[in-house]
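The next block is data-v9.cif, given as mmCIF, C-alpha atoms.
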```cif
data_upload
loop_
_atom_site.group_PDB
_atom_site.id
_atom_site.type_symbol
_atom_site.label_atom_id
_atom_site.label_comp_id
_atom_site.auth_asym_id
_atom_site.auth_seq_id
_atom_site.Cartn_x
_atom_site.Cartn_y
_atom_site.Cartn_z
ATOM 1 C CA VAL A 22 181.859 -126.614 74.261
ATOM 2 C CA THR A 23 183.463 -124.428 76.921
ATOM 3 C CA LEU A 24 181.743 -124.785 80.272
ATOM 4 C CA LEU A 25 183.894 -122.335 82.200
ATOM 5 C CA GLU A 26 185.461 -119.020 81.321
ATOM 6 C CA GLN A 27 188.316 -117.860 83.506
ATOM 7 C CA ASN A 28 189.994 -114.466 83.529
ATOM 8 C CA PRO A 29 192.605 -113.301 83.552
ATOM 9 C CA ARG A 30 194.436 -116.208 81.938
ATOM 10 C CA TRP A 31 197.845 -114.841 82.955
ATOM 11 C CA ARG A 32 198.940 -112.223 85.426
ATOM 12 C CA LEU A 33 202.261 -110.904 86.695
ATOM 13 C CA VAL A 34 201.779 -110.142 90.379
ATOM 14 C CA PRO A 35 204.156 -107.790 92.213
ATOM 15 C CA ARG A 36 205.192 -109.296 95.516
ATOM 16 C CA GLY A 37 202.750 -108.254 98.229
ATOM 17 C CA GLN A 38 199.960 -107.331 95.824
ATOM 18 C CA ALA A 39 196.629 -109.162 95.710
ATOM 19 C CA VAL A 40 194.966 -110.317 92.505
ATOM 20 C CA ASN A 41 191.307 -111.020 91.760
ATOM 21 C CA LEU A 42 190.257 -113.908 89.570
ATOM 22 C CA ARG A 43 186.893 -114.556 88.006
ATOM 23 C CA CYS A 44 185.179 -117.654 86.678
ATOM 24 C CA ILE A 45 181.913 -117.753 84.732
ATOM 25 C CA LEU A 46 179.831 -120.928 84.434
ATOM 26 C CA LYS A 47 178.252 -121.397 81.005
ATOM 27 C CA ASN A 48 175.996 -124.359 81.812
ATOM 28 C CA SER A 49 173.763 -124.499 84.879
ATOM 29 C CA GLN A 50 173.680 -128.326 84.787
ATOM 30 C CA TYR A 51 177.034 -128.285 86.612
ATOM 31 C CA PRO A 52 176.318 -126.074 89.617
ATOM 32 C CA TRP A 53 179.048 -127.112 92.053
ATOM 33 C CA MET A 54 181.894 -124.702 91.440
ATOM 34 C CA SER A 55 185.330 -125.127 92.960
ATOM 35 C CA TRP A 56 188.834 -123.735 92.932
ATOM 36 C CA TYR A 57 191.950 -125.898 92.663
ATOM 37 C CA GLN A 58 195.540 -124.727 92.765
ATOM 38 C CA GLN A 59 198.361 -126.279 90.764
ATOM 39 C CA ASP A 60 201.847 -125.491 91.987
ATOM 40 C CA LEU A 61 205.006 -125.242 89.922
ATOM 41 C CA GLN A 62 205.624 -128.965 90.421
ATOM 42 C CA LYS A 63 202.194 -129.673 88.857
ATOM 43 C CA GLN A 64 200.697 -130.859 92.130
ATOM 44 C CA LEU A 65 196.947 -130.182 92.287
ATOM 45 C CA GLN A 66 195.159 -129.303 95.495
ATOM 46 C CA TRP A 67 191.499 -128.638 96.191
ATOM 47 C CA LEU A 68 190.865 -125.239 97.747
ATOM 48 C CA PHE A 69 187.118 -124.623 97.953
ATOM 49 C CA THR A 70 183.738 -125.752 96.741
ATOM 50 C CA LEU A 71 181.087 -123.056 96.945
ATOM 51 C CA ARG A 72 177.578 -124.239 96.165
ATOM 52 C CA SER A 73 175.335 -121.216 96.665
ATOM 53 C CA PRO A 74 175.372 -117.481 95.924
ATOM 54 C CA GLY A 75 176.646 -115.633 98.971
ATOM 55 C CA ASP A 76 178.955 -118.442 100.134
ATOM 56 C CA LYS A 77 182.407 -117.210 101.170
ATOM 57 C CA GLU A 78 185.437 -119.036 102.483
ATOM 58 C CA VAL A 79 189.018 -118.193 103.368
ATOM 59 C CA LYS A 80 192.075 -120.380 103.498
ATOM 60 C CA SER A 81 195.792 -119.914 104.024
ATOM 61 C CA LEU A 82 198.211 -122.306 102.371
ATOM 62 C CA PRO A 83 201.998 -122.265 102.054
ATOM 63 C CA GLY A 84 202.722 -119.522 99.584
ATOM 64 C CA ALA A 85 199.330 -117.761 99.372
ATOM 65 C CA ASP A 86 196.170 -116.649 101.132
ATOM 66 C CA TYR A 87 192.802 -117.146 99.505
ATOM 67 C CA LEU A 88 189.315 -115.662 99.703
ATOM 68 C CA ALA A 89 186.664 -117.328 97.560
ATOM 69 C CA THR A 90 183.178 -116.001 96.866
ATOM 70 C CA ARG A 91 180.205 -117.500 95.034
ATOM 71 C CA VAL A 92 178.743 -114.283 93.674
ATOM 72 C CA THR A 93 175.838 -115.691 91.652
ATOM 73 C CA ASP A 94 174.723 -119.059 90.310
ATOM 74 C CA THR A 95 177.129 -118.528 87.411
ATOM 75 C CA GLU A 96 180.001 -116.494 88.873
ATOM 76 C CA LEU A 97 182.810 -117.569 91.200
ATOM 77 C CA ARG A 98 185.623 -115.305 92.358
ATOM 78 C CA LEU A 99 188.946 -115.810 94.044
ATOM 79 C CA GLN A 100 191.224 -113.276 95.643
ATOM 80 C CA VAL A 101 194.842 -114.377 95.985
ATOM 81 C CA ALA A 102 197.035 -112.459 98.404
ATOM 82 C CA ASN A 103 200.517 -112.689 99.922
ATOM 83 C CA MET A 104 201.657 -114.961 97.143
ATOM 84 C CA SER A 105 205.309 -115.938 97.409
ATOM 85 C CA GLN A 106 205.459 -118.533 94.617
ATOM 86 C CA GLY A 107 203.785 -118.741 91.246
ATOM 87 C CA ARG A 108 200.860 -121.058 90.677
ATOM 88 C CA THR A 109 197.893 -121.711 88.430
ATOM 89 C CA LEU A 110 194.360 -121.503 89.727
ATOM 90 C CA TYR A 111 191.712 -123.643 88.093
ATOM 91 C CA CYS A 112 187.999 -123.150 88.327
ATOM 92 C CA THR A 113 185.992 -126.362 88.063
ATOM 93 C CA CYS A 114 182.353 -127.341 87.898
ATOM 94 C CA SER A 115 180.527 -130.578 88.442
ATOM 95 C CA ALA A 116 177.064 -132.045 88.317
ATOM 96 C CA VAL A 117 175.230 -133.124 91.450
ATOM 97 C CA ARG A 118 173.515 -136.491 91.833
ATOM 98 C CA LEU A 119 171.497 -137.519 94.874
ATOM 99 C CA GLY A 120 173.057 -134.651 96.818
ATOM 100 C CA GLY A 121 176.588 -135.733 96.104
ATOM 101 C CA ASN A 122 179.307 -135.227 93.534
ATOM 102 C CA THR A 123 179.630 -137.426 90.451
ATOM 103 C CA GLY A 124 183.404 -137.877 90.698
ATOM 104 C CA GLN A 125 183.818 -135.907 87.484
ATOM 105 C CA LEU A 126 185.105 -132.376 87.173
ATOM 106 C CA TYR A 127 185.191 -129.982 84.260
ATOM 107 C CA PHE A 128 188.129 -127.596 84.325
ATOM 108 C CA GLY A 129 188.561 -124.079 83.062
ATOM 109 C CA GLU A 130 191.746 -123.167 81.228
ATOM 110 C CA GLY A 131 193.305 -121.710 84.350
ATOM 111 C CA SER A 132 194.720 -118.412 85.603
ATOM 112 C CA LYS A 133 198.500 -118.576 85.695
ATOM 113 C CA LEU A 134 200.027 -116.258 88.273
ATOM 114 C CA THR A 135 203.705 -115.319 88.303
ATOM 115 C CA VAL A 136 205.305 -113.420 91.178
ATOM 116 C CA LEU A 137 207.486 -110.461 90.217
ATOM 117 C CA THR B 21 192.303 -139.466 104.536
ATOM 118 C CA GLN B 22 192.351 -140.788 101.007
ATOM 119 C CA THR B 23 195.666 -140.839 99.173
ATOM 120 C CA VAL B 24 196.586 -141.443 95.564
ATOM 121 C CA SER B 25 199.991 -142.649 94.445
ATOM 122 C CA GLN B 26 201.345 -142.531 90.912
ATOM 123 C CA SER B 27 204.667 -144.311 91.111
ATOM 124 C CA ASP B 28 206.022 -143.222 87.722
ATOM 125 C CA ALA B 29 206.807 -139.537 87.290
ATOM 126 C CA HIS B 30 207.817 -140.076 83.639
ATOM 127 C CA VAL B 31 206.975 -142.728 81.057
ATOM 128 C CA THR B 32 208.383 -142.730 77.522
ATOM 129 C CA VAL B 33 207.163 -145.020 74.734
ATOM 130 C CA PHE B 34 207.201 -145.070 70.942
ATOM 131 C CA GLU B 35 204.178 -144.168 68.859
ATOM 132 C CA GLY B 36 202.097 -147.285 68.303
ATOM 133 C CA ASP B 37 203.284 -148.941 71.500
ATOM 134 C CA SER B 38 200.945 -149.911 74.309
ATOM 135 C CA VAL B 39 201.235 -148.112 77.630
ATOM 136 C CA GLU B 40 200.107 -148.579 81.213
ATOM 137 C CA LEU B 41 200.134 -145.740 83.730
ATOM 138 C CA ARG B 42 199.909 -146.912 87.313
ATOM 139 C CA CYS B 43 197.755 -145.599 90.121
ATOM 140 C CA ASN B 44 197.312 -146.933 93.637
ATOM 141 C CA TYR B 45 194.966 -145.521 96.206
ATOM 142 C CA SER B 46 194.466 -145.803 99.898
ATOM 143 C CA TYR B 47 190.948 -145.461 101.154
ATOM 144 C CA GLY B 48 188.068 -147.535 102.440
ATOM 145 C CA GLY B 49 184.472 -146.754 101.650
ATOM 146 C CA SER B 50 182.519 -145.648 98.628
ATOM 147 C CA ILE B 51 184.814 -143.774 96.289
ATOM 148 C CA TYR B 52 185.053 -142.587 92.745
ATOM 149 C CA LEU B 53 188.309 -143.252 90.910
ATOM 150 C CA SER B 54 189.071 -141.238 87.809
ATOM 151 C CA TRP B 55 191.757 -140.256 85.346
ATOM 152 C CA TYR B 56 192.401 -136.858 83.787
ATOM 153 C CA ILE B 57 194.727 -135.666 81.057
ATOM 154 C CA GLN B 58 196.504 -132.310 80.969
ATOM 155 C CA HIS B 59 198.144 -131.056 77.812
ATOM 156 C CA HIS B 60 200.818 -128.410 78.172
ATOM 157 C CA GLY B 61 199.390 -125.058 79.224
ATOM 158 C CA ARG B 62 195.803 -126.317 79.367
ATOM 159 C CA GLY B 63 193.265 -127.266 81.982
ATOM 160 C CA LEU B 64 192.629 -130.908 82.864
ATOM 161 C CA GLN B 65 190.205 -132.996 80.846
ATOM 162 C CA PHE B 66 188.271 -135.941 82.194
ATOM 163 C CA LEU B 67 189.100 -139.330 80.646
ATOM 164 C CA LEU B 68 187.095 -141.905 82.610
ATOM 165 C CA LYS B 69 185.864 -142.934 86.043
ATOM 166 C CA TYR B 70 184.892 -145.975 88.088
ATOM 167 C CA TYR B 71 182.404 -146.264 90.909
ATOM 168 C CA SER B 72 180.999 -149.778 90.781
ATOM 169 C CA GLY B 73 180.194 -152.617 88.399
ATOM 170 C CA ASN B 74 182.464 -153.795 85.592
ATOM 171 C CA PRO B 75 186.031 -153.194 86.827
ATOM 172 C CA VAL B 76 187.204 -152.297 83.323
ATOM 173 C CA VAL B 77 185.968 -148.897 82.237
ATOM 174 C CA GLN B 78 186.304 -147.370 78.804
ATOM 175 C CA GLY B 79 187.162 -143.732 78.258
ATOM 176 C CA VAL B 80 187.751 -141.364 75.406
ATOM 177 C CA ASN B 81 190.372 -141.808 72.683
ATOM 178 C CA GLY B 82 190.911 -145.531 73.289
ATOM 179 C CA PHE B 83 191.861 -145.287 76.956
ATOM 180 C CA GLU B 84 190.633 -147.800 79.482
ATOM 181 C CA ALA B 85 191.314 -148.408 83.158
ATOM 182 C CA GLU B 86 190.934 -151.406 85.400
ATOM 183 C CA PHE B 87 189.925 -151.297 89.037
ATOM 184 C CA SER B 88 191.367 -153.856 91.425
ATOM 185 C CA LYS B 89 190.172 -153.873 95.014
ATOM 186 C CA SER B 90 192.721 -156.468 96.096
ATOM 187 C CA ASP B 91 195.619 -154.377 94.743
ATOM 188 C CA SER B 92 194.036 -151.006 95.553
ATOM 189 C CA SER B 93 194.840 -150.014 92.014
ATOM 190 C CA PHE B 94 193.269 -148.230 89.068
ATOM 191 C CA HIS B 95 195.756 -148.431 86.215
ATOM 192 C CA LEU B 96 195.212 -146.644 82.906
ATOM 193 C CA ARG B 97 195.997 -148.382 79.620
ATOM 194 C CA LYS B 98 196.047 -147.735 75.933
ATOM 195 C CA ALA B 99 196.776 -150.364 73.299
ATOM 196 C CA SER B 100 198.382 -148.086 70.717
ATOM 197 C CA VAL B 101 199.479 -144.555 71.575
ATOM 198 C CA HIS B 102 199.522 -141.573 69.247
ATOM 199 C CA TRP B 103 201.867 -138.577 69.425
ATOM 200 C CA SER B 104 198.916 -136.456 70.587
ATOM 201 C CA ASP B 105 198.698 -138.572 73.747
ATOM 202 C CA SER B 106 201.814 -136.817 75.041
ATOM 203 C CA ALA B 107 200.608 -135.096 78.203
ATOM 204 C CA VAL B 108 200.524 -135.355 81.978
ATOM 205 C CA TYR B 109 198.033 -137.861 83.346
ATOM 206 C CA PHE B 110 196.481 -137.535 86.774
ATOM 207 C CA CYS B 111 194.750 -140.221 88.785
ATOM 208 C CA ALA B 112 192.157 -138.962 91.272
ATOM 209 C CA VAL B 113 189.937 -140.222 94.081
ATOM 210 C CA SER B 114 186.891 -138.732 95.744
ATOM 211 C CA LEU B 115 184.471 -139.863 98.394
ATOM 212 C CA TYR B 116 180.910 -140.420 97.291
ATOM 213 C CA GLY B 117 178.970 -137.341 98.370
ATOM 214 C CA ASN B 118 182.086 -135.242 99.048
ATOM 215 C CA GLU B 119 183.013 -132.309 96.856
ATOM 216 C CA LYS B 120 186.778 -132.623 97.274
ATOM 217 C CA ILE B 121 188.803 -134.607 94.732
ATOM 218 C CA THR B 122 192.334 -135.695 95.626
ATOM 219 C CA PHE B 123 194.827 -135.959 92.792
ATOM 220 C CA GLY B 124 198.002 -137.963 92.418
ATOM 221 C CA ALA B 125 201.276 -136.271 91.516
ATOM 222 C CA GLY B 126 200.835 -136.997 87.815
ATOM 223 C CA THR B 127 202.702 -139.055 85.222
ATOM 224 C CA LYS B 128 204.237 -137.314 82.253
ATOM 225 C CA LEU B 129 203.814 -139.462 79.151
ATOM 226 C CA THR B 130 206.187 -138.772 76.274
ATOM 227 C CA ILE B 131 205.595 -140.366 72.877
ATOM 228 C CA LYS B 132 208.623 -140.784 70.619
ATOM 229 C CA PRO B 133 208.062 -140.868 66.840
#
```
Write out the structure in this file as structure tokens.
Amino acid sequence: VTLLEQNPRWRLVPRGQAVNLRCILKNSQYPWMSWYQQDLQKQLQWLFTLRSPGDKEVKSLPGADYLATRVTDTELRLQVANMSQGRTLYCTCSAVRLGGNTGQLYFGEGSKLTVL
Amino acid sequence: TQTVSQSDAHVTVFEGDSVELRCNYSYGGSIYLSWYIQHHGRGLQFLLKYYSGNPVVQGVNGFEAEFSKSDSSFHLRKASVHWSDSAVYFCAVSLYGNEKITFGAGTKLTIKP
């Protein structure tokens, strides 16, 4: 059963252009939604966890700038700008127990971005 | 700051062999330790986790891992590997109550026929 639907799955991004990614949660039992980036060397890094509709966060990392938005209980978005190196962005979800995480993430299939 | 170290970037074994993938962590406090598998071009899939209790935890597809506080380790094992186990394996640590999960660099497991 697919818990998360990410789109687009692949995108060629002209240098200097921003791209918008979307993630849809299919099961409300896993409400904590997050974004992780995986670089070309396969290293994974947590970017954001947005718990409630209306939450927004920004972050700048080597090679890209990010703006994440929790639009609704089931939709998470990510804008990627100023990307200088390709990467894959993964949406994740997790259950919540006693106010905390369960140490277990469910991953989407990823959005692979390549810089032109 | 919690850290996770996977000392082997690549491991190659024959189908039917046993395998152990090593993971060491550095953190004090209440943590979750987990393992994930990533097949080529796919998202990660959860294999197993440890928080407390029996230090040997069972996961899917015959995988198990053993927690050792004295060694600060959480090694993953499988008694007999199948060609479909070829993938990259990630060890991960997270603080209880914290949303962020920190991943190791990954170990690429190759199964020879």
Against chain B, which residues of chain A fall within 10 Å? For each one I want the closest pair of atoms and the distance in Å (one decimal), counting only C-alpha atoms, rows by chain and increasing residue number, as JSON lines.
```
{"residue": "A:Trp53", "atom": "CA", "partner": "B:Glu119", "partner_atom": "CA", "distance": 8.1}
{"residue": "A:Met54", "atom": "CA", "partner": "B:Glu119", "partner_atom": "CA", "distance": 9.4}
{"residue": "A:Ser55", "atom": "CA", "partner": "B:Glu119", "partner_atom": "CA", "distance": 8.5}
{"residue": "A:Tyr57", "atom": "CA", "partner": "B:Ile121", "partner_atom": "CA", "distance": 9.5}
{"residue": "A:Gln62", "atom": "CA", "partner": "B:Ala125", "partner_atom": "CA", "distance": 8.6}
{"residue": "A:Lys63", "atom": "CA", "partner": "B:Ala125", "partner_atom": "CA", "distance": 7.2}
{"residue": "A:Gln64", "atom": "CA", "partner": "B:Ala125", "partner_atom": "CA", "distance": 5.5}
{"residue": "A:Leu65", "atom": "CA", "partner": "B:Phe123", "partner_atom": "CA", "distance": 6.2}
{"residue": "A:Gln66", "atom": "CA", "partner": "B:Thr122", "partner_atom": "CA", "distance": 7.0}
{"residue": "A:Trp67", "atom": "CA", "partner": "B:Lys120", "partner_atom": "CA", "distance": 6.3}
{"residue": "A:Leu68", "atom": "CA", "partner": "B:Lys120", "partner_atom": "CA", "distance": 8.5}
{"residue": "A:Phe69", "atom": "CA", "partner": "B:Lys120", "partner_atom": "CA", "distance": 8.0}
{"residue": "A:Thr70", "atom": "CA", "partner": "B:Glu119", "partner_atom": "CA", "distance": 6.6}
{"residue": "A:Leu71", "atom": "CA", "partner": "B:Glu119", "partner_atom": "CA", "distance": 9.5}
{"residue": "A:Arg72", "atom": "CA", "partner": "B:Glu119", "partner_atom": "CA", "distance": 9.8}
{"residue": "A:Thr109", "atom": "CA", "partner": "B:Gly63", "partner_atom": "CA", "distance": 9.7}
{"residue": "A:Leu110", "atom": "CA", "partner": "B:Gly63", "partner_atom": "CA", "distance": 9.7}
{"residue": "A:Tyr111", "atom": "CA", "partner": "B:Gly63", "partner_atom": "CA", "distance": 7.3}
{"residue": "A:Cys112", "atom": "CA", "partner": "B:Gly63", "partner_atom": "CA", "distance": 9.2}
{"residue": "A:Thr113", "atom": "CA", "partner": "B:Gly63", "partner_atom": "CA", "distance": 9.5}
{"residue": "A:Ser115", "atom": "CA", "partner": "B:Glu119", "partner_atom": "CA", "distance": 8.9}
{"residue": "A:Val117", "atom": "CA", "partner": "B:Gly117", "partner_atom": "CA", "distance": 8.9}
{"residue": "A:Arg118", "atom": "CA", "partner": "B:Gly117", "partner_atom": "CA", "distance": 8.6}
{"residue": "A:Leu119", "atom": "CA", "partner": "B:Gly117", "partner_atom": "CA", "distance": 8.3}
{"residue": "A:Gly120", "atom": "CA", "partner": "B:Gly117", "partner_atom": "CA", "distance": 6.7}
{"residue": "A:Gly121", "atom": "CA", "partner": "B:Gly117", "partner_atom": "CA", "distance": 3.7}
{"residue": "A:Asn122", "atom": "CA", "partner": "B:Gly117", "partner_atom": "CA", "distance": 5.3}
{"residue": "A:Thr123", "atom": "CA", "partner": "B:Tyr116", "partner_atom": "CA", "distance": 7.6}
{"residue": "A:Gly124", "atom": "CA", "partner": "B:Tyr52", "partner_atom": "CA", "distance": 5.4}
{"residue": "A:Gln125", "atom": "CA", "partner": "B:Phe66", "partner_atom": "CA", "distance": 6.9}
{"residue": "A:Leu126", "atom": "CA", "partner": "B:Phe66", "partner_atom": "CA", "distance": 6.9}
{"residue": "A:Tyr127", "atom": "CA", "partner": "B:Gln65", "partner_atom": "CA", "distance": 6.8}
{"residue": "A:Phe128", "atom": "CA", "partner": "B:Gly63", "partner_atom": "CA", "distance": 5.7}
{"residue": "A:Gly129", "atom": "CA", "partner": "B:Gly63", "partner_atom": "CA", "distance": 5.8}
{"residue": "A:Glu130", "atom": "CA", "partner": "B:Gly63", "partner_atom": "CA", "distance": 4.4}
{"residue": "A:Gly131", "atom": "CA", "partner": "B:Gly63", "partner_atom": "CA", "distance": 6.0}
{"residue": "A:Ser132", "atom": "CA", "partner": "B:Gly63", "partner_atom": "CA", "distance": 9.7}
{"residue": "A:Lys133", "atom": "CA", "partner": "B:Gly61", "partner_atom": "CA", "distance": 9.2}
```
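Interatomic distance, atom CA of Arg91 of chain A against atom CA of Val24 of chain B: 29.0 Å.
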Original post:
Counting all atoms listed in the file, what is within 10 Å of segment 27-34 of chain B, bar same-chain residues fewer than 5 positions away, as a list in words?
Top reply: Val39, Glu40, Leu41, Arg42, Cys43, Asn44, Ser100, Val101, His102, Trp103, Ser106, Val108, Tyr109, Gly124, Ala125, Gly126, Thr127, Lys128, Leu129, Thr130, Ile131, Lys132 and Pro133 of chain B
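Using only C-alpha atoms, the contacts of Asn41 of chain A at a cut-off of 8 Å, with sequence neighbours closer than 2 positions omitted, comprise Ala39, Arg43, Arg98, Leu99, Gln100 and Val101 of chain A.
For the pair atom CA of Cys111 of chain B and atom CA of Arg30 of chain A, the separation is 25.0 Å.
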**OP:** Run through the PyMOL selection byres ((chain A and resi 85) around 6) on the given coordinates and return the selected residues as a list in words.
**Re:** Leu82, Pro83, Gly84, Asp86, Ala102, Asn103 and Met104 of chain A
Original post:
Restricting the calculation to all atoms listed in the file, which member of B:Ser92, B:Val80, B:Pro75, B:Ala107 is positioned closest to Gln22 of chain B?
Top reply: B:Ser92
**OP:** Using all atoms listed in the file, pick whichever of A:Glu78, A:Leu25, A:Gly37, A:Leu137 has the shortest atom-to-atom distance to Ser49 of chain A.
**Re:** A:Leu25
**OP:** Have a look at atom CA of Arg32 of chain A and atom CA of Asp94 of chain A and let me know their distance in Å, one decimal.
**Re:** 25.6 Å
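Shortest separation to Leu61 of chain A among A:Cys114, A:Gly107, A:Val79, A:Cys44 occurs at residue A:Gly107, atoms counted being only C-alpha atoms.
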**OP:** Apply the PyMOL selection byres ((chain B and resi 83) around 9) to the structure shown and report the selected residues as a VMD selection string.
**Re:** chain B and resid 67 to 68 77 to 82 84 to 85 96 to 99
**OP:** Tell me which of B:Ser104, B:Ser25, B:His59, B:Ser50 sits closest to Lys89 of chain B, counting only C-alpha atoms.
**Re:** B:Ser50
Could you write out as AutoDock Vina command-line options the box around segment 34-46 of chain A (axis-aligned, all atoms listed in the file, 8 Å on each side), with centre and edge lengths in Å to one decimal?
```
--center_x 192.5 --center_y -114.1 --center_z 91.3 --size_x 41.4 --size_y 29.6 --size_z 29.8
```
Subject >> Closest of B:Thr21, B:Tyr47, B:Glu35, B:Gln58 to Gln59 of chain A - atom-to-atom distances counting only C-alpha atoms >> reply: B:Gln58
Taking the partial coordinates given, rebuild segment 92-104 of chain A to contain N, CA, C and O atoms; return it as a CSV table (one decimal), in the frame of the given file.
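The result, stored in selection.csv:
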```csv
chain,number,residue,atom,x,y,z
A,92,VAL,N,179.5,-115.5,93.8
A,92,VAL,CA,178.7,-114.3,93.7
A,92,VAL,C,177.3,-114.5,93.2
A,92,VAL,O,176.3,-114.0,93.8
A,93,THR,N,177.2,-115.3,92.2
A,93,THR,CA,175.8,-115.7,91.7
A,93,THR,C,175.8,-117.2,91.3
A,93,THR,O,176.8,-117.9,91.5
A,94,ASP,N,174.8,-117.7,90.7
A,94,ASP,CA,174.7,-119.1,90.3
A,94,ASP,C,175.8,-119.3,89.2
A,94,ASP,O,176.2,-120.5,89.0
A,95,THR,N,176.2,-118.3,88.5
A,95,THR,CA,177.1,-118.5,87.4
A,95,THR,C,178.5,-117.9,87.6
A,95,THR,O,179.3,-118.0,86.7
A,96,GLU,N,178.7,-117.2,88.7
A,96,GLU,CA,180.0,-116.5,88.9
A,96,GLU,C,180.7,-116.9,90.2
A,96,GLU,O,180.1,-116.8,91.3
A,97,LEU,N,182.0,-117.2,90.1
A,97,LEU,CA,182.8,-117.6,91.2
A,97,LEU,C,184.0,-116.7,91.2
A,97,LEU,O,184.6,-116.4,90.1
A,98,ARG,N,184.4,-116.2,92.3
A,98,ARG,CA,185.6,-115.3,92.4
A,98,ARG,C,186.6,-115.8,93.4
A,98,ARG,O,186.3,-116.5,94.3
A,99,LEU,N,187.9,-115.4,93.1
A,99,LEU,CA,188.9,-115.8,94.0
A,99,LEU,C,189.9,-114.7,94.2
A,99,LEU,O,190.4,-114.2,93.2
A,100,GLN,N,190.2,-114.3,95.4
A,100,GLN,CA,191.2,-113.3,95.6
A,100,GLN,C,192.4,-114.0,96.2
A,100,GLN,O,192.3,-114.8,97.1
A,101,VAL,N,193.6,-113.7,95.6
A,101,VAL,CA,194.8,-114.4,96.0
A,101,VAL,C,195.7,-113.3,96.5
A,101,VAL,O,196.0,-112.3,95.8
A,102,ALA,N,196.2,-113.5,97.8
A,102,ALA,CA,197.0,-112.5,98.4
A,102,ALA,C,198.3,-113.1,99.0
A,102,ALA,O,198.3,-114.3,99.2
A,103,ASN,N,199.3,-112.3,99.3
A,103,ASN,CA,200.5,-112.7,99.9
A,103,ASN,C,201.2,-113.9,99.2
A,103,ASN,O,201.7,-114.8,99.9
A,104,MET,N,201.1,-113.8,97.9
A,104,MET,CA,201.7,-115.0,97.1
A,104,MET,C,203.2,-114.9,97.1
A,104,MET,O,203.7,-113.8,96.7
```
